[in-house]
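Colleague: I have a structure I would like to understand better, so I am pasting it below and will then ask my questions one at a time.
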Amino acid sequence: MTTERPELLPARMLNQFTYCPRLFYLEWVNSEWSSSDDTAAGDFDHRAIAAPSGPLPDEDFKGIWPTTRAVTLSDAEWGITAVIDRVDFDGVAVPVDYKTGGAQRSGNAWPADRIQVLAQAALLEAAGYEVTHGELYYRKSHRRVDVAWDDEARRDLQRTIDAAKHVADQLQAPPPLEDSPKCPRCSLAGICLPDEHNLLAARRARPARRLVPTDPEQRPVYVLEQGAVIGVDGGRLVISQGSEQLESIRLIDVSQVNAYGNVQVTTQALRKLWAHGAPVLWLSRSGWLDGWSQGQPSKNVELRRAQLNAHVAGGLGHARPMISAKIRNQRTLLMRNHPEGVPKSDLDTLLALSKRCDHAEQRDQLMGFEGTAARLYFGHFGALIRDTEISATFAAHGRTRRPPRDPINAALSYAYALLTKDVVATCLGVGLDPYLGMLHGSRFGRPSLALDLAEEFRPLIAESTVLRAFNNGELSMRSFRQTASGTLFTENGKKAFIQAYERRMEDQLKHPVFGYAVSYRRTLEVQARILAAVLVGEMDRYVGVVTR
């Protein structure tokens with residue numbers, strides 16, 4: 001099976017291909033993108049030359065013609081298209097391409113930049129103009145570099161075009177570069193995960209470098225005030241209630257918006273948030289995820305196809321390490337926090353169950369191991385809470401869900417809802433369908449894949465937040481109220497718990513596989529991208545996060 005790619009390849013993509021074939025594939029074929037300081041600087045530098053400044057002269061023109069900017073040209077024979085920053089005329093046409101960085105120390109053009117300006121020269125020649133060379137202007141070094149347009153350049157360009165189109169026709173992205181100095185500054189490092197891929201594929205022996213985007217971390221916005229309206233004013237998200245402005249936040253600092261209950265979001269705000277890649281999630285006042293909105297979904301069709309195939313096949317191989325990791329993390333949490341120590345026999349049982357998960361042959365068998373571990377785990381969980389009154393109510397009821405019958409159960413349910421909505425947002429960003437799961441059945445509108453990915457993080461994020469919030473005094477009996485629907489948070493209790501949850505998401509752990517320090521929020525994305533890589537065949541196996 002082959003993909004149907006566009007007929008014309010942008011010259012900018014030839015630059016990306018020469019720099020890194022995987023970067024080219026991710027950006028052009030999969031339409032994945034992430035900005036960085038370097039790309040933002042490039043956009044800023046191009047503002048002055050982005051607007052067209054007039055037409056080109058006739059093809060047979062040989063004199064001096066005013067500089068023409070932002071020239072768009074295409075040619076079917078070459079199979080390429082380009083927007084040329086600037087074209088100078090002095091007897092011949094000269095394409096000039098602006099670059100933010102500097103030239104090589106030798107004074108020569110970088111190979112990727114050379115190919116891009118050669119493509120521009122080819123397009124001008126195909127349009128009927130005489131071209132002898134192109135120019136690259138490097139702003140950082142204030143250096144203008146000439147690039148010859150001759151027979152050798154034509155052959156180099158044709159070979160690069162052919163190679164790029166061959167790669168684009170494949171159903172799988174090329175492997176990442178190995179230990180390349182290009183990777184740390186690449187804007188797609190946090191999407192590509194080059195060292196992580198190479199480590200799991202046994203192409204890299206050393207621990208992975210911490211290659212993450214250099215942009216400041218974005219954060220979720222929570223709006224709990226009933227009747228509030230979320231709008232925009234310029235580049236800021238504005239939250240108001242009646243005539244009172246409650247908050248104003250820069251859009252570039254927002255990763256997602258969480259609207260609880262009767263909160264309105266204007267159309268203008270939705271459009272701006274979509275443009276920034278920030279989904280809006282609507283939740284009930286009690287925290288259950290009702291739905292979400294996002295901009296255009298991921299264009300990575302092969303990932304969606306692979307996920308559907310894995311879903312239809314049952315996905316047991318992907319689910320095993322998730323549940324195994326969950327049980328190991330439950331065991332670790334008990335060992336770290338039980339005031340009297342958990343009996344060794346129970347710890348041994350949890351370890352044995354986690355190992356049996358690795359070899360489960362059926363979904364029901366795997367779920368049975370998970371259920372047995374959960375009963376044993378929650379049998380000890382109440383003892384981890386220092387407040388004896390709160391601990392006693394949990395011990396009396398055990399783990400209850402709908403309705404939660406005590407403060408600990410209410411906090412656990414709310415924590416799981418927060419974690420699920422974050423994993424949903426992560427799946428949307430990665431290009432995974434939150435509904436097509438591997439373990440949880442895709443019935444009754446459950447975001448099954450989000451629930452799958454959340455499993456190993458329940459002890460690490462959700463249950464750890466509950467312990468910290470109670471034991472630090474952020475939650476008490478006054479943080480809850482008893483109703484006919486069970487035990488519910490008060491409004492102040494809910495706000496305090498969300499703050500505790502967000503702090504936990506910012507905590508860092510040493511990734512057990514890759515060895516670098518990374519926040520739990522970022523780890524969610526890393527794990528989702530590893531799963532995506534496994535689904536499309538770039539990695540052999542999914543590895544769960546297990547702390548010690």
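Letters A, B, ... go to the chains of the structure tokens in the order shown; residues in each chain start at 1; ligands are counted from 1 in the same order.
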Give one line per residue of region 256-313 of chain A that approaches region 518-538 of chain A to at most 10 Å, naming the two atoms of the closest pair and their distance in Å to one decimal, counting only C-alpha atoms; sort by chain then ascending residue number and deliver it as a Markdown table.

Modeller:
| residue | atom | partner | partner_atom | distance |
| --- | --- | --- | --- | --- |
| A:Glu302 | CA | A:Val536 | CA | 7.1 |
| A:Leu303 | CA | A:Val536 | CA | 5.9 |
| A:Arg304 | CA | A:Val536 | CA | 9.1 |
| A:Arg305 | CA | A:Val536 | CA | 8.7 |
| A:Ala306 | CA | A:Leu535 | CA | 5.6 |
| A:Gln307 | CA | A:Leu535 | CA | 6.2 |
| A:Leu308 | CA | A:Leu535 | CA | 9.5 |
| A:Asn309 | CA | A:Leu535 | CA | 8.9 |
| A:Ala310 | CA | A:Leu535 | CA | 7.3 |

Colleague: I need the residues of region 43-182 of chain A that end up classed as strand (DSSP E) by DSSP on the backbone, written out as an MDAnalysis selection string.

Modeller: chainID A and resid 64:75 80:90 93:99 133:138 143:148

Colleague: May I ask for the distance between CA of Arg219 (chain A) and CA of Thr266 (chain A), given in Å to one decimal place?

Modeller: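 Separation between CA of Arg219 (chain A) and CA of Thr266 (chain A): 20.2 Å.
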
Colleague: CA of Asp88 (chain A) to CA of Pro57 (chain A): how many Å, to one decimal?

Modeller: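 Computed distance, CA of Asp88 (chain A) to CA of Pro57 (chain A), equals 10.8 Å.
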
Colleague: Please identify all polymer residues within 12 Å of Ile498 (chain A), counting only C-alpha atoms, omitting same-chain residues fewer than 5 positions from it, and present them as a list of chain:residue names.

Modeller: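 The neighbour list is A:Pro220, A:Val221, A:Tyr222, A:Val223, A:Leu224, A:Asn258, A:Gly287, A:Ala411, A:Tyr414, A:Ala415, A:Tyr416, A:Ala417, A:Leu418, A:Leu419, A:Ala462, A:Thr465, A:Val466, A:Ala469, A:Glu474, A:Leu475, A:Phe489, A:Glu491, A:Asn492, A:Gly493, A:Arg503, A:Arg504, A:Met505.
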
Colleague: Extract the full set of alpha helix (DSSP H) residues from region 79-314 of chain A according to DSSP on the backbone, and format it as a count of residues only.

Modeller: 67

Colleague: What's the 9 Å shell around Leu193 (chain A), counting only C-alpha atoms, without same-chain residues fewer than 2 positions away, as a VMD selection string?

Modeller: chain A and resid 176 188 to 191 195 to 198 211 to 212 526 529 to 530

Colleague: Kindly export the residues of the current selection with C-alpha atoms, as a compact mmCIF listing (two decimals), in the first residue's frame.

Modeller:
# COMPACT_ATOMS: atom_id res chain seq x y z
CA PRO A 176 16.14 9.08 14.34
CA LEU A 188 10.50 18.52 17.11
CA ALA A 189 12.84 16.85 19.63
CA GLY A 190 10.00 16.45 22.10
CA ILE A 191 7.88 14.77 19.41
CA ASP A 195 17.44 9.15 22.00
CA GLU A 196 14.45 7.39 23.52
CA HIS A 197 13.71 5.64 20.21
CA ASN A 198 17.32 4.63 19.74
CA LEU A 211 15.78 16.42 24.58
CA VAL A 212 12.61 18.38 25.14
CA VAL A 526 6.64 10.65 26.57
CA ARG A 529 4.55 8.96 22.14
CA ILE A 530 6.26 5.66 22.95

Colleague: Could you jot down the CA of Pro407 (chain A) to CA of Ala228 (chain A) separation for me, Å, one decimal place?

Modeller: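 These atoms are spaced 27.7 Å apart.
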
Colleague: Out of A:Tyr138, A:Tyr542, A:Phe24, A:Phe497, which residue has the shortest atom-to-atom distance to Ala109 (chain A) when counting only C-alpha atoms?

Modeller: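 Nearest to Ala109 (chain A): A:Tyr138.
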
Colleague: Quick one: residues within 9 Å of region 385-401 of chain A, only C-alpha atoms counted, chain neighbours fewer than 5 positions away excluded, as a PyMOL selection string?

Modeller: chain A and resi 337-339+375+378-380+406-410+412-413+466-468+470-471+476-477

Colleague: Using N, CA, C and O atoms, can you export the residues from the last selection as a PDB file, in the first residue's frame?

Modeller:
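The resulting part_35.pdb:
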ATOM      1  N   ASN A 337       5.072   4.504  52.279  1.00  0.00           N
ATOM      2  CA  ASN A 337       4.191   5.352  53.074  1.00  0.00           C
ATOM      3  C   ASN A 337       3.471   4.650  54.226  1.00  0.00           C
ATOM      4  O   ASN A 337       2.868   5.336  55.061  1.00  0.00           O
ATOM      5  N   HIS A 338       3.480   3.320  54.282  1.00  0.00           N
ATOM      6  CA  HIS A 338       2.741   2.655  55.358  1.00  0.00           C
ATOM      7  C   HIS A 338       3.467   2.872  56.675  1.00  0.00           C
ATOM      8  O   HIS A 338       4.657   2.567  56.802  1.00  0.00           O
ATOM      9  N   PRO A 339       2.779   3.400  57.688  1.00  0.00           N
ATOM     10  CA  PRO A 339       3.465   3.751  58.946  1.00  0.00           C
ATOM     11  C   PRO A 339       3.988   2.534  59.702  1.00  0.00           C
ATOM     12  O   PRO A 339       4.963   2.643  60.447  1.00  0.00           O
ATOM     13  N   ARG A 375      -7.602  -5.060  45.241  1.00  0.00           N
ATOM     14  CA  ARG A 375      -8.226  -5.375  46.534  1.00  0.00           C
ATOM     15  C   ARG A 375      -7.182  -5.425  47.649  1.00  0.00           C
ATOM     16  O   ARG A 375      -7.400  -4.907  48.749  1.00  0.00           O
ATOM     17  N   PHE A 378      -5.827  -1.605  48.179  1.00  0.00           N
ATOM     18  CA  PHE A 378      -6.731  -0.687  48.871  1.00  0.00           C
ATOM     19  C   PHE A 378      -7.072  -1.179  50.278  1.00  0.00           C
ATOM     20  O   PHE A 378      -7.540  -0.395  51.104  1.00  0.00           O
ATOM     21  N   GLY A 379      -6.816  -2.453  50.535  1.00  0.00           N
ATOM     22  CA  GLY A 379      -6.974  -2.934  51.902  1.00  0.00           C
ATOM     23  C   GLY A 379      -5.995  -2.280  52.862  1.00  0.00           C
ATOM     24  O   GLY A 379      -6.250  -2.193  54.064  1.00  0.00           O
ATOM     25  N   HIS A 380      -4.887  -1.799  52.346  1.00  0.00           N
ATOM     26  CA  HIS A 380      -3.877  -1.125  53.168  1.00  0.00           C
ATOM     27  C   HIS A 380      -3.889   0.393  52.983  1.00  0.00           C
ATOM     28  O   HIS A 380      -3.237   1.097  53.762  1.00  0.00           O
ATOM     29  N   ASP A 406     -16.987   8.356  51.449  1.00  0.00           N
ATOM     30  CA  ASP A 406     -16.153   8.977  52.470  1.00  0.00           C
ATOM     31  C   ASP A 406     -15.159   9.902  51.784  1.00  0.00           C
ATOM     32  O   ASP A 406     -14.999   9.868  50.554  1.00  0.00           O
ATOM     33  N   PRO A 407     -14.450  10.745  52.534  1.00  0.00           N
ATOM     34  CA  PRO A 407     -13.539  11.717  51.922  1.00  0.00           C
ATOM     35  C   PRO A 407     -12.434  11.097  51.067  1.00  0.00           C
ATOM     36  O   PRO A 407     -12.086  11.631  50.013  1.00  0.00           O
ATOM     37  N   ILE A 408     -11.831  10.000  51.514  1.00  0.00           N
ATOM     38  CA  ILE A 408     -10.748   9.407  50.729  1.00  0.00           C
ATOM     39  C   ILE A 408     -11.272   8.915  49.393  1.00  0.00           C
ATOM     40  O   ILE A 408     -10.651   9.139  48.341  1.00  0.00           O
ATOM     41  N   ASN A 409     -12.404   8.255  49.390  1.00  0.00           N
ATOM     42  CA  ASN A 409     -12.981   7.790  48.125  1.00  0.00           C
ATOM     43  C   ASN A 409     -13.356   8.953  47.216  1.00  0.00           C
ATOM     44  O   ASN A 409     -13.168   8.891  46.002  1.00  0.00           O
ATOM     45  N   ALA A 410     -13.883  10.026  47.814  1.00  0.00           N
ATOM     46  CA  ALA A 410     -14.229  11.199  47.012  1.00  0.00           C
ATOM     47  C   ALA A 410     -12.986  11.797  46.376  1.00  0.00           C
ATOM     48  O   ALA A 410     -12.989  12.172  45.192  1.00  0.00           O
ATOM     49  N   LEU A 412     -10.096  10.218  45.757  1.00  0.00           N
ATOM     50  CA  LEU A 412      -9.573   9.287  44.752  1.00  0.00           C
ATOM     51  C   LEU A 412     -10.336   9.416  43.438  1.00  0.00           C
ATOM     52  O   LEU A 412      -9.729   9.483  42.358  1.00  0.00           O
ATOM     53  N   SER A 413     -11.653   9.457  43.518  1.00  0.00           N
ATOM     54  CA  SER A 413     -12.451   9.564  42.293  1.00  0.00           C
ATOM     55  C   SER A 413     -12.160  10.863  41.559  1.00  0.00           C
ATOM     56  O   SER A 413     -12.055  10.885  40.325  1.00  0.00           O
ATOM     57  N   VAL A 466      -3.568  12.355  46.581  1.00  0.00           N
ATOM     58  CA  VAL A 466      -4.524  12.179  47.683  1.00  0.00           C
ATOM     59  C   VAL A 466      -3.780  12.068  49.012  1.00  0.00           C
ATOM     60  O   VAL A 466      -4.132  12.736  50.000  1.00  0.00           O
ATOM     61  N   LEU A 467      -2.736  11.254  49.057  1.00  0.00           N
ATOM     62  CA  LEU A 467      -1.974  11.094  50.293  1.00  0.00           C
ATOM     63  C   LEU A 467      -1.371  12.418  50.738  1.00  0.00           C
ATOM     64  O   LEU A 467      -1.458  12.803  51.912  1.00  0.00           O
ATOM     65  N   ARG A 468      -0.748  13.108  49.805  1.00  0.00           N
ATOM     66  CA  ARG A 468      -0.082  14.365  50.150  1.00  0.00           C
ATOM     67  C   ARG A 468      -1.085  15.406  50.634  1.00  0.00           C
ATOM     68  O   ARG A 468      -0.827  16.128  51.611  1.00  0.00           O
ATOM     69  N   PHE A 470      -4.066  15.035  52.056  1.00  0.00           N
ATOM     70  CA  PHE A 470      -4.572  14.761  53.403  1.00  0.00           C
ATOM     71  C   PHE A 470      -3.473  14.907  54.450  1.00  0.00           C
ATOM     72  O   PHE A 470      -3.667  15.527  55.502  1.00  0.00           O
ATOM     73  N   ASN A 471      -2.318  14.336  54.192  1.00  0.00           N
ATOM     74  CA  ASN A 471      -1.264  14.308  55.210  1.00  0.00           C
ATOM     75  C   ASN A 471      -0.588  15.657  55.411  1.00  0.00           C
ATOM     76  O   ASN A 471       0.019  15.904  56.457  1.00  0.00           O
ATOM     77  N   SER A 476      -9.215  18.214  54.753  1.00  0.00           N
ATOM     78  CA  SER A 476      -9.682  17.721  56.048  1.00  0.00           C
ATOM     79  C   SER A 476     -11.160  17.386  55.912  1.00  0.00           C
ATOM     80  O   SER A 476     -11.736  17.484  54.822  1.00  0.00           O
ATOM     81  N   MET A 477     -11.791  17.018  57.007  1.00  0.00           N
ATOM     82  CA  MET A 477     -13.232  16.733  56.951  1.00  0.00           C
ATOM     83  C   MET A 477     -14.015  17.954  56.486  1.00  0.00           C
ATOM     84  O   MET A 477     -15.064  17.825  55.852  1.00  0.00           O
TER      85      MET A 477
END

Colleague: Using only C-alpha atoms, find the one residue out of A:Leu439, A:Ala278, A:Ile323, A:Leu73 that sits nearest to Thr426 (chain A).

Modeller: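 Ranking A:Leu439, A:Ala278, A:Ile323, A:Leu73 by distance to Thr426 (chain A), first place goes to A:Ala278.
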
Colleague: Using only C-alpha atoms, can you tell me which of A:Val280, A:Ala496, A:Leu246, A:Leu451 comes closest to Met322 (chain A)?

Modeller: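 Among the listed residues, A:Leu451 lies closest to Met322 (chain A).
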
Colleague: Which residue out of A:Gly473, A:Leu316, A:Ala373, A:Pro21 has the minimum interatomic distance to Ala168 (chain A) when only C-alpha atoms are used?

Modeller: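 Among the listed residues, A:Pro21 lies closest to Ala168 (chain A).
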
Colleague: Can you pull out every residue within 10 Å of Gly314 (chain A), counting only C-alpha atoms, but drop anything in the same chain fewer than 5 positions away, and send it as a PyMOL selection string?

Modeller: chain A and resi 308-309+319+362-363+437-441
